[in-house]
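> Input structure: data_26.tsv, which contains TSV, C-alpha atoms.
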```tsv
chain	number	residue	atom	x	y	z
M	1	MET	CA	-40.15	-30.52	203.62
M	2	SER	CA	-37.37	-31.46	201.20
M	3	ARG	CA	-39.99	-32.96	198.95
M	4	LEU	CA	-41.79	-29.62	198.83
M	5	TRP	CA	-38.55	-27.88	197.93
M	6	ARG	CA	-37.88	-30.33	195.17
M	7	LEU	CA	-41.38	-29.75	193.82
M	8	ALA	CA	-40.86	-25.99	193.92
M	9	ALA	CA	-37.49	-26.27	192.21
M	10	THR	CA	-38.95	-28.47	189.49
M	11	ALA	CA	-41.78	-26.00	188.93
M	12	LEU	CA	-39.30	-23.13	188.71
M	13	ALA	CA	-37.09	-24.99	186.26
M	14	PHE	CA	-40.15	-25.79	184.19
M	15	LEU	CA	-41.22	-22.15	184.15
M	16	ALA	CA	-37.72	-21.04	183.15
M	17	LEU	CA	-37.73	-23.59	180.36
M	18	LEU	CA	-41.10	-22.33	179.22
M	19	ALA	CA	-39.85	-18.73	179.12
M	20	PHE	CA	-36.74	-19.85	177.24
M	21	ALA	CA	-38.79	-21.80	174.75
M	22	GLN	CA	-40.97	-18.77	174.12
M	23	GLU	CA	-38.01	-16.48	173.45
M	24	ASP	CA	-36.68	-19.15	171.19
M	25	ASP	CA	-39.65	-19.21	168.86
M	26	PRO	CA	-38.36	-17.73	165.58
M	27	TYR	CA	-41.86	-16.73	164.47
M	28	LYS	CA	-42.38	-14.65	167.61
M	29	GLU	CA	-38.90	-13.21	167.26
M	30	ALA	CA	-39.70	-12.18	163.66
M	31	GLU	CA	-42.92	-10.49	164.84
M	32	LYS	CA	-40.91	-8.61	167.45
M	33	GLN	CA	-38.24	-7.51	165.01
M	34	LYS	CA	-40.87	-6.37	162.54
M	35	ARG	CA	-42.73	-4.37	165.20
M	36	GLN	CA	-39.51	-2.73	166.38
M	37	LEU	CA	-38.52	-1.78	162.84
M	38	LEU	CA	-41.95	-0.28	162.20
M	39	GLU	CA	-41.85	1.68	165.45
M	40	GLN	CA	-38.38	3.00	164.73
M	41	SER	CA	-38.55	3.88	161.06
M	42	GLY	CA	-42.12	3.33	159.88
M	43	VAL	CA	-40.59	1.52	156.91
M	44	LEU	CA	-39.83	-2.17	156.52
M	45	PRO	CA	-36.65	-2.96	154.60
M	46	SER	CA	-38.75	-4.95	152.13
M	47	ASP	CA	-40.68	-1.75	151.29
M	48	LEU	CA	-37.49	-0.42	149.74
M	49	PHE	CA	-37.24	-3.41	147.41
M	50	VAL	CA	-40.93	-3.18	146.49
M	51	GLU	CA	-40.51	0.52	145.70
M	52	GLN	CA	-37.36	-0.14	143.68
M	53	GLY	CA	-39.12	-2.99	141.86
M	54	GLU	CA	-42.09	-0.78	141.00
M	55	ARG	CA	-39.79	1.81	139.46
M	56	LEU	CA	-37.90	-0.85	137.51
M	57	PHE	CA	-41.21	-2.32	136.35
M	58	LYS	CA	-42.71	0.93	135.10
M	59	THR	CA	-39.62	2.64	133.66
M	60	LYS	CA	-38.84	2.27	129.97
M	61	ARG	CA	-35.46	0.53	129.97
M	62	GLY	CA	-33.11	-1.64	127.96
M	63	PRO	CA	-32.17	-1.56	124.27
M	64	LYS	CA	-35.84	-1.67	123.25
M	65	GLN	CA	-36.79	1.13	125.68
M	66	ALA	CA	-39.83	-0.73	126.96
M	67	SER	CA	-41.39	-1.10	130.41
M	68	LEU	CA	-42.40	-4.49	131.83
M	69	GLU	CA	-46.09	-3.51	131.87
M	70	ALA	CA	-46.69	-5.70	128.83
M	71	CYS	CA	-45.27	-8.76	130.62
M	72	ASP	CA	-47.86	-11.52	130.98
M	73	PHE	CA	-47.61	-13.48	134.23
M	74	GLY	CA	-50.39	-15.84	133.25
M	75	LEU	CA	-53.37	-13.59	133.95
M	76	GLY	CA	-52.92	-11.25	130.99
M	77	PRO	CA	-50.37	-8.51	130.18
M	78	GLY	CA	-49.69	-6.26	133.16
M	79	LYS	CA	-52.14	-8.11	135.45
M	80	LEU	CA	-50.27	-8.46	138.72
M	81	GLU	CA	-53.02	-9.01	141.30
M	82	GLY	CA	-52.63	-12.62	142.40
M	83	ALA	CA	-50.01	-13.34	139.73
M	84	LEU	CA	-47.70	-15.07	142.20
M	85	THR	CA	-50.42	-17.46	143.42
M	86	GLN	CA	-50.55	-19.39	140.11
M	87	LEU	CA	-46.82	-19.52	139.33
M	88	PRO	CA	-44.87	-21.56	138.20
M	89	ARG	CA	-46.91	-22.36	135.09
M	90	TYR	CA	-46.41	-23.12	131.41
M	91	PHE	CA	-46.06	-20.17	129.03
M	92	ALA	CA	-46.74	-20.70	125.35
M	93	ASP	CA	-44.60	-17.75	124.22
M	94	THR	CA	-41.37	-19.08	125.71
M	95	GLN	CA	-42.51	-22.72	125.50
M	96	ARG	CA	-41.38	-23.58	129.00
M	97	VAL	CA	-42.58	-23.72	132.57
M	98	GLU	CA	-41.46	-20.60	134.38
M	99	ASP	CA	-41.59	-19.38	137.95
M	100	LEU	CA	-41.89	-15.70	138.85
M	101	GLU	CA	-38.14	-15.03	138.70
M	102	THR	CA	-37.59	-16.84	135.42
M	103	ARG	CA	-40.65	-15.13	133.94
M	104	ILE	CA	-39.31	-11.69	134.89
M	105	VAL	CA	-35.95	-12.55	133.33
M	106	SER	CA	-37.53	-13.84	130.11
M	107	CYS	CA	-39.69	-10.70	129.91
M	108	MET	CA	-36.60	-8.52	130.37
M	109	VAL	CA	-34.98	-10.41	127.51
M	110	ARG	CA	-37.97	-10.48	125.15
M	111	LEU	CA	-39.62	-7.12	125.86
M	112	GLN	CA	-36.73	-4.92	126.94
M	113	GLY	CA	-34.01	-6.54	124.82
M	114	PHE	CA	-31.51	-7.17	127.61
M	115	ARG	CA	-28.97	-9.94	127.12
M	116	LEU	CA	-29.31	-12.72	129.67
M	117	GLU	CA	-25.79	-12.21	131.06
M	118	GLU	CA	-26.22	-8.47	131.65
M	119	ILE	CA	-29.33	-8.85	133.83
M	120	GLU	CA	-28.51	-7.97	137.42
M	121	ARG	CA	-29.66	-10.32	140.14
M	122	ASP	CA	-30.51	-7.43	142.49
M	123	GLU	CA	-32.88	-5.92	139.94
M	124	VAL	CA	-34.64	-9.24	139.44
M	125	LYS	CA	-35.02	-9.62	143.21
M	126	ALA	CA	-36.55	-6.13	143.52
M	127	LEU	CA	-38.95	-6.92	140.67
M	128	VAL	CA	-39.91	-10.21	142.33
M	129	ALA	CA	-40.66	-8.33	145.56
M	130	TYR	CA	-42.86	-5.84	143.70
M	131	VAL	CA	-44.88	-8.43	141.75
M	132	ALA	CA	-45.21	-10.64	144.84
M	133	SER	CA	-46.50	-7.70	146.91
M	134	LYS	CA	-49.67	-7.84	144.79
M	135	SER	CA	-50.43	-11.37	146.04
M	136	SER	CA	-50.24	-10.65	149.74
M	137	GLU	CA	-52.09	-13.19	151.92
M	138	MET	CA	-53.79	-14.82	148.92
M	139	PRO	CA	-54.41	-18.59	148.76
M	140	ILE	CA	-51.77	-20.54	146.84
M	141	ASN	CA	-53.24	-21.95	143.65
M	142	VAL	CA	-50.68	-24.01	141.76
M	143	VAL	CA	-52.27	-27.00	140.01
M	144	PRO	CA	-50.16	-28.65	137.27
M	145	ARG	CA	-52.47	-29.12	134.28
M	146	THR	CA	-50.52	-29.12	131.01
M	147	SER	CA	-48.18	-32.01	130.19
M	148	GLN	CA	-45.19	-29.67	130.59
M	149	GLU	CA	-46.33	-28.64	134.07
M	150	ILE	CA	-46.94	-32.24	135.12
M	151	THR	CA	-43.48	-33.23	133.81
M	152	MET	CA	-41.93	-30.38	135.77
M	153	TYR	CA	-43.85	-31.39	138.89
M	154	ASN	CA	-42.59	-34.96	138.53
M	155	ILE	CA	-38.99	-33.77	138.11
M	156	GLY	CA	-39.49	-31.68	141.24
M	157	ARG	CA	-40.73	-34.70	143.19
M	158	GLU	CA	-37.76	-36.74	141.96
M	159	LEU	CA	-35.36	-34.01	143.11
M	160	TRP	CA	-37.19	-33.75	146.43
M	161	TYR	CA	-36.60	-37.44	147.23
M	162	HIS	CA	-33.27	-37.95	145.42
M	163	ARG	CA	-30.47	-38.49	147.93
M	164	ALA	CA	-27.19	-36.95	146.80
M	165	GLY	CA	-23.98	-35.26	147.85
M	166	ASP	CA	-21.31	-36.14	150.40
M	167	ARG	CA	-23.92	-36.23	153.16
M	168	ASP	CA	-26.35	-38.38	151.18
M	169	MET	CA	-29.22	-36.01	151.89
M	170	ASN	CA	-32.46	-35.12	150.21
M	171	CYS	CA	-35.10	-32.50	150.98
M	172	ALA	CA	-37.45	-34.98	152.63
M	173	ILE	CA	-34.98	-35.96	155.37
M	174	CYS	CA	-35.56	-32.61	157.06
M	175	HIS	CA	-38.79	-31.40	155.58
M	176	GLU	CA	-40.79	-34.60	156.00
M	177	SER	CA	-39.23	-36.64	158.82
M	178	TYR	CA	-39.01	-33.52	160.97
M	179	ALA	CA	-42.03	-31.64	159.60
M	180	GLY	CA	-43.70	-29.66	162.34
M	181	ARG	CA	-40.67	-30.14	164.58
M	182	LYS	CA	-37.23	-28.56	164.73
M	183	VAL	CA	-33.93	-29.22	162.99
M	184	ARG	CA	-31.33	-27.72	165.29
M	185	LEU	CA	-33.17	-24.52	166.27
M	186	SER	CA	-35.14	-24.04	163.09
M	187	PRO	CA	-38.73	-25.17	162.86
M	188	VAL	CA	-39.25	-27.04	159.59
M	189	ARG	CA	-42.40	-27.59	157.63
M	190	SER	CA	-43.38	-29.96	154.85
M	191	PRO	CA	-44.73	-28.61	151.54
M	192	ARG	CA	-48.22	-29.70	152.62
M	193	GLN	CA	-47.86	-27.57	155.73
M	194	GLY	CA	-47.19	-24.52	153.57
M	195	LEU	CA	-43.41	-24.55	153.18
M	196	SER	CA	-42.43	-21.82	150.68
M	197	ASN	CA	-45.46	-19.62	151.45
M	198	GLU	CA	-43.35	-16.77	152.84
M	199	TRP	CA	-40.90	-16.22	149.96
M	200	PRO	CA	-39.79	-13.73	148.67
M	201	ALA	CA	-39.02	-12.44	152.13
M	202	TYR	CA	-36.75	-10.06	153.95
M	203	ARG	CA	-34.49	-12.08	156.26
M	204	PHE	CA	-33.59	-9.90	159.21
M	205	GLU	CA	-30.70	-12.16	160.22
M	206	ALA	CA	-29.00	-11.74	156.87
M	207	ASP	CA	-30.39	-8.23	156.24
M	208	LYS	CA	-31.14	-9.35	152.70
M	209	LEU	CA	-34.08	-10.07	150.47
M	210	TYR	CA	-34.35	-13.78	149.69
M	211	THR	CA	-36.44	-15.11	146.85
M	212	LEU	CA	-37.65	-18.71	146.72
M	213	GLN	CA	-34.69	-19.55	144.46
M	214	ASP	CA	-32.28	-17.98	146.96
M	215	ARG	CA	-33.89	-20.06	149.69
M	216	ILE	CA	-33.62	-23.29	147.69
M	217	ALA	CA	-29.97	-22.45	146.89
M	218	PHE	CA	-29.40	-22.03	150.65
M	219	CYS	CA	-30.88	-25.50	151.25
M	220	TYR	CA	-28.54	-26.98	148.61
M	221	GLU	CA	-25.63	-25.28	150.36
M	222	SER	CA	-26.64	-26.56	153.80
M	223	ILE	CA	-26.71	-30.16	152.62
M	224	GLY	CA	-23.33	-29.78	150.94
M	225	ILE	CA	-24.36	-29.73	147.29
M	226	ALA	CA	-23.29	-26.91	144.97
M	227	ALA	CA	-26.39	-24.88	144.10
M	228	PRO	CA	-27.43	-24.82	140.44
M	229	GLU	CA	-27.34	-21.61	138.38
M	230	PHE	CA	-30.23	-19.27	139.10
M	231	TYR	CA	-33.21	-19.51	136.71
M	232	SER	CA	-32.34	-23.13	135.88
M	233	GLU	CA	-34.74	-26.07	135.86
M	234	PRO	CA	-34.07	-27.58	139.32
M	235	TYR	CA	-35.43	-24.42	140.97
M	236	ILE	CA	-38.52	-24.31	138.81
M	237	ALA	CA	-39.16	-28.03	139.31
M	238	LEU	CA	-38.75	-27.85	143.10
M	239	SER	CA	-40.88	-24.69	143.25
M	240	ILE	CA	-43.77	-26.22	141.31
M	241	TYR	CA	-43.57	-29.38	143.43
M	242	MET	CA	-43.59	-27.51	146.75
M	243	LEU	CA	-46.25	-24.98	145.74
M	244	ALA	CA	-48.53	-27.64	144.22
M	245	GLU	CA	-48.27	-29.61	147.48
M	246	ALA	CA	-48.92	-26.38	149.45
M	247	THR	CA	-52.03	-25.88	147.31
M	248	ARG	CA	-53.24	-29.37	148.25
M	249	GLY	CA	-52.70	-28.45	151.90
M	250	LYS	CA	-54.88	-25.35	151.32
M	251	ASN	CA	-52.22	-22.84	152.34
M	252	ARG	CA	-52.03	-19.10	151.87
M	253	PHE	CA	-49.13	-16.80	151.20
M	254	THR	CA	-48.08	-14.66	154.14
M	255	GLU	CA	-47.94	-10.91	153.84
M	256	MET	CA	-45.78	-10.30	150.76
M	257	PRO	CA	-42.84	-9.81	150.76
M	258	GLY	CA	-42.52	-11.92	153.87
M	259	PHE	CA	-40.55	-11.04	156.96
M	260	THR	CA	-38.61	-13.89	158.46
M	261	ARG	CA	-35.49	-15.08	160.16
C	1	MET	CA	-32.05	5.90	137.69
C	2	SER	CA	-32.46	8.47	140.44
C	3	ILE	CA	-31.94	7.59	144.11
C	4	ASN	CA	-34.92	5.81	145.69
C	5	ILE	CA	-36.37	7.60	148.76
C	6	LEU	CA	-39.24	6.57	151.06
C	7	VAL	CA	-41.02	9.07	153.33
C	8	ARG	CA	-43.39	8.16	156.19
C	9	PHE	CA	-45.09	10.20	158.89
C	10	THR	CA	-45.69	8.92	162.43
C	11	PRO	CA	-48.51	9.36	163.29
C	12	ALA	CA	-49.67	9.16	159.67
C	13	ARG	CA	-52.29	11.92	160.19
C	14	PRO	CA	-51.29	14.04	163.20
C	15	LYS	CA	-53.61	16.44	164.99
C	16	ALA	CA	-52.83	20.17	164.82
C	17	GLY	CA	-50.12	20.99	167.36
C	18	GLU	CA	-49.12	17.35	167.77
C	19	GLU	CA	-45.53	16.21	167.31
C	20	VAL	CA	-44.95	14.32	164.07
C	21	ARG	CA	-41.92	12.27	163.06
C	22	ILE	CA	-40.86	12.57	159.42
C	23	GLN	CA	-39.05	9.33	158.64
C	24	VAL	CA	-36.91	9.19	155.53
C	25	VAL	CA	-35.21	6.03	154.24
C	26	VAL	CA	-32.82	6.39	151.33
C	27	GLN	CA	-31.77	3.36	149.30
C	28	HIS	CA	-28.05	3.74	148.83
C	29	PRO	CA	-24.95	1.51	149.29
C	30	MET	CA	-23.09	4.38	151.11
C	31	GLU	CA	-19.59	3.24	150.10
C	32	PRO	CA	-17.20	4.87	152.59
C	33	GLY	CA	-14.16	4.69	150.29
C	34	THR	CA	-12.16	2.49	152.68
C	35	ARG	CA	-13.49	-0.92	151.67
C	36	ARG	CA	-11.68	-3.16	149.24
C	37	ASP	CA	-13.13	-5.45	146.61
C	38	ALA	CA	-12.26	-9.14	146.12
C	39	SER	CA	-9.04	-8.30	144.24
C	40	GLY	CA	-7.83	-5.86	146.91
C	41	ASN	CA	-8.56	-2.60	145.12
C	42	LEU	CA	-10.15	0.28	147.00
C	43	ILE	CA	-13.81	0.77	146.18
C	44	PRO	CA	-14.18	4.51	145.48
C	45	ALA	CA	-16.20	6.50	148.01
C	46	ASN	CA	-19.80	7.10	147.08
C	47	TYR	CA	-22.13	8.20	149.84
C	48	ILE	CA	-24.95	10.65	150.22
C	49	ASN	CA	-23.51	13.91	151.49
C	50	ASP	CA	-26.58	16.11	151.38
C	51	VAL	CA	-30.18	15.57	152.43
C	52	VAL	CA	-32.59	18.53	152.38
C	53	VAL	CA	-36.15	18.45	153.72
C	54	THR	CA	-38.53	21.26	152.85
C	55	MET	CA	-42.22	21.87	153.46
C	56	ASP	CA	-44.06	24.00	150.91
C	57	GLY	CA	-40.69	25.32	149.74
C	58	GLN	CA	-39.58	26.28	153.25
C	59	PRO	CA	-36.51	24.45	154.58
C	60	ILE	CA	-37.13	22.23	157.63
C	61	ALA	CA	-33.90	20.31	157.95
C	62	GLN	CA	-30.61	19.64	156.23
C	63	VAL	CA	-28.29	16.72	156.93
C	64	LYS	CA	-24.75	16.30	155.69
C	65	PRO	CA	-23.96	12.59	156.25
C	66	GLY	CA	-20.36	11.42	156.19
C	67	PRO	CA	-18.66	8.17	155.13
C	68	GLY	CA	-19.56	6.47	158.42
C	69	THR	CA	-23.29	6.42	157.74
C	70	SER	CA	-24.81	3.00	157.15
C	71	ALA	CA	-26.18	1.68	153.89
C	72	ASN	CA	-29.86	2.47	153.27
C	73	PRO	CA	-29.80	5.11	156.03
C	74	LEU	CA	-32.83	6.24	158.01
C	75	PHE	CA	-33.18	9.94	158.86
C	76	ALA	CA	-35.96	10.96	161.23
C	77	PHE	CA	-37.01	14.50	162.12
C	78	LYS	CA	-39.41	15.64	164.80
C	79	MET	CA	-41.65	18.57	164.01
C	80	LYS	CA	-44.73	20.21	165.42
C	81	ALA	CA	-47.55	19.73	162.95
C	82	THR	CA	-49.21	23.13	162.53
C	83	LYS	CA	-50.58	22.93	159.01
C	84	SER	CA	-51.03	20.51	156.12
C	85	GLY	CA	-48.52	20.77	153.33
C	86	GLN	CA	-46.20	19.05	150.94
C	87	VAL	CA	-42.95	17.70	152.33
C	88	LYS	CA	-40.16	17.36	149.81
C	89	VAL	CA	-36.94	15.41	150.39
C	90	THR	CA	-34.01	15.79	148.04
C	91	CYS	CA	-30.61	14.15	148.30
C	92	LYS	CA	-27.34	14.07	146.46
C	93	ASP	CA	-24.39	11.64	146.50
C	94	LEU	CA	-20.71	12.02	145.67
C	95	ASN	CA	-21.23	10.77	142.11
C	96	GLY	CA	-23.65	13.64	141.54
C	97	GLN	CA	-26.67	11.34	141.44
C	98	THR	CA	-29.78	12.92	142.94
C	99	GLY	CA	-33.11	11.75	144.29
C	100	GLU	CA	-36.33	13.51	145.11
C	101	ARG	CA	-39.53	12.48	146.84
C	102	THR	CA	-42.62	14.40	147.89
C	103	ALA	CA	-45.21	13.34	150.46
C	104	ASP	CA	-48.35	15.14	151.57
C	105	LEU	CA	-48.71	15.78	155.28
C	106	THR	CA	-52.39	16.09	156.15
C	107	LEU	CA	-53.73	16.97	159.56
C	108	ALA	CA	-56.41	14.86	161.17
```
Please rewrite the model in this file as structure tokens.

Amino acid sequence: MSRLWRLAATALAFLALLAFAQEDDPYKEAEKQKRQLLEQSGVLPSDLFVEQGERLFKTKRGPKQASLEACDFGLGPGKLEGALTQLPRYFADTQRVEDLETRIVSCMVRLQGFRLEEIERDEVKALVAYVASKSSEMPINVVPRTSQEITMYNIGRELWYHRAGDRDMNCAICHESYAGRKVRLSPVRSPRQGLSNEWPAYRFEADKLYTLQDRIAFCYESIGIAAPEFYSEPYIALSIYMLAEATRGKNRFTEMPGFTR
Amino acid sequence: MSINILVRFTPARPKAGEEVRIQVVVQHPMEPGTRRDASGNLIPANYINDVVVTMDGQPIAQVKPGPGTSANPLFAFKMKATKSGQVKVTCKDLNGQTGERTADLTLA
């Protein structure tokens, strides 16, 4: 009899654990939060940023009173469909490899005449959300071809494996040794598994829009290394490395902007 | 730039006589005037204090939010859908900035 009880208790404990594990899945939780927001307001918070970005994109602004419609993201001036899928890439006009955020900033400087230091981060984030929204659920297609892109990719791989800081950490310690598993409560993925395919995204925990650079800065912070200045090379190098690896793994972007924890 | 407003209808295309929810989200920091910045100075109040919803020029609803309303507030109104028409939302904040958005309500 006692054996039967023990069996029943074990089964119950197992079921409880199963239920707990299910509630614990951040992806399911994100789905739930998204559904609840849509039911309640019909609007996702990221829609606001996309809308704001569209207005910033199409309005004539800055000292030169120009819109960003002439900005070339690699597919031709003003072509936004799928623009995110092939960034970062080398641009001949600025003679450097740029990701989406850096490209928007350099367009604001060159076309609209803003000074670099007067560009507001919030505006750039809204613009990133708008341009990214045109690449929703498209396959990632970052293949370093020019020598500059290959150099940047190699710098990115160096940074990925370079152990540094007080905790002697690198990206690979979490994102490769634990790929497909969890670090604390967070599931982690490797670049091949499509890491970085959901950014820019609205993070419901922080109630903020995070771009890929914001996310990388957050990783730097969590391993105890001061994050570099936004729009600087480490971000572009890490982005091109991760997205090129994601391309090899045949990954797609999620719905853009993403919705995540 | 003017205040950014989003308008959605739930259901998106209601049947005649059905209840429809007009959902309005306004992008605004809604500073209550009691918060302090990093150096301890009061941040001056700046919140939306007037939201007006009209349909084909006829007023449907007016809201006068106070300093306790959250940032990027959501306002939702229930209405019986009797005819198609143009819904217009206008709002105004303490700094005198205004926003306007129109959306077409069409019956199924």
> Using all atoms listed in the file, determine which residues of chain C fall within 9 Å of chain M; present them as a VMD selection string.
chain C and resid 1 4 to 10 23 to 27 72 74 to 76
> What is the distance, in Å and to one decimal place, between CA of Phe73 (chain M) and CA of Val109 (chain M)?
14.6 Å
> Please provide as a ChimeraX atom specification all residues within 7 Å of region 86-92 of chain C, with the sequence filter that same-chain residues fewer than 3 positions apart are discarded (counting only C-alpha atoms).
/C:48-56,96-105
> Taking (-46.0, -25.9, 129.8) in the file's own coordinates, collect the residues within 10 Å, counting all atoms listed in the file, and hand them back as a list in words.
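Counting all atoms listed in the file, I find these residues within 10 Å of (-46.0, -25.9, 129.8): Pro88, Arg89, Tyr90, Phe91, Ala92, Asp93, Thr94, Gln95, Arg96, Val97, Glu98, Pro144, Arg145, Thr146, Ser147, Gln148, Glu149, Ile150, Thr151 and Met152 of chain M.
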> Please indicate the distance in Å from CA of Asn197 (chain M) to CA of Asn251 (chain M), rounded to one decimal place.
7.5 Å
> Would you mind putting N, CA and C atoms back on region 55-74 of chain C and writing the result as a compact mmCIF listing (two decimals), in the frame of the given file?

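rebuild.txt, written as the output of this step:
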```
# COMPACT_ATOMS: atom_id res chain seq x y z
N MET C 55 -40.76 21.99 153.44
CA MET C 55 -42.22 21.87 153.46
C MET C 55 -42.78 23.11 152.79
N ASP C 56 -43.53 22.91 151.74
CA ASP C 56 -44.06 24.00 150.91
C ASP C 56 -42.95 24.99 150.54
N GLY C 57 -41.79 24.47 150.19
CA GLY C 57 -40.69 25.32 149.74
C GLY C 57 -39.85 25.89 150.86
N GLN C 58 -40.30 25.72 152.11
CA GLN C 58 -39.58 26.28 153.25
C GLN C 58 -38.67 25.21 153.86
N PRO C 59 -37.39 25.50 154.05
CA PRO C 59 -36.51 24.45 154.58
C PRO C 59 -36.87 24.06 156.02
N ILE C 60 -36.88 22.75 156.28
CA ILE C 60 -37.13 22.23 157.63
C ILE C 60 -35.83 21.70 158.22
N ALA C 61 -35.11 20.94 157.43
CA ALA C 61 -33.90 20.31 157.95
C ALA C 61 -32.92 20.04 156.83
N GLN C 62 -31.64 20.04 157.18
CA GLN C 62 -30.61 19.64 156.23
C GLN C 62 -29.63 18.74 156.96
N VAL C 63 -29.25 17.65 156.33
CA VAL C 63 -28.29 16.72 156.93
C VAL C 63 -27.12 16.58 155.96
N LYS C 64 -25.92 16.54 156.53
CA LYS C 64 -24.75 16.30 155.69
C LYS C 64 -24.06 15.02 156.19
N PRO C 65 -24.53 13.85 155.75
CA PRO C 65 -23.96 12.59 156.25
C PRO C 65 -22.52 12.40 155.76
N GLY C 66 -21.74 11.70 156.55
CA GLY C 66 -20.36 11.42 156.19
C GLY C 66 -20.17 9.98 155.78
N PRO C 67 -18.92 9.54 155.59
CA PRO C 67 -18.66 8.17 155.13
C PRO C 67 -19.05 7.10 156.15
N GLY C 68 -19.26 7.47 157.40
CA GLY C 68 -19.56 6.47 158.42
C GLY C 68 -21.03 6.14 158.53
N THR C 69 -21.86 6.69 157.67
CA THR C 69 -23.29 6.42 157.74
C THR C 69 -23.61 5.10 157.06
N SER C 70 -24.53 4.35 157.65
CA SER C 70 -24.81 3.00 157.15
C SER C 70 -25.44 3.01 155.77
N ALA C 71 -25.46 1.84 155.14
CA ALA C 71 -26.18 1.68 153.89
C ALA C 71 -27.67 1.81 154.16
N ASN C 72 -28.42 2.24 153.16
CA ASN C 72 -29.86 2.47 153.27
C ASN C 72 -30.21 3.23 154.55
N PRO C 73 -29.64 4.43 154.74
CA PRO C 73 -29.80 5.11 156.03
C PRO C 73 -31.22 5.61 156.28
N LEU C 74 -31.55 5.68 157.57
CA LEU C 74 -32.83 6.24 158.01
C LEU C 74 -32.55 7.60 158.65
```
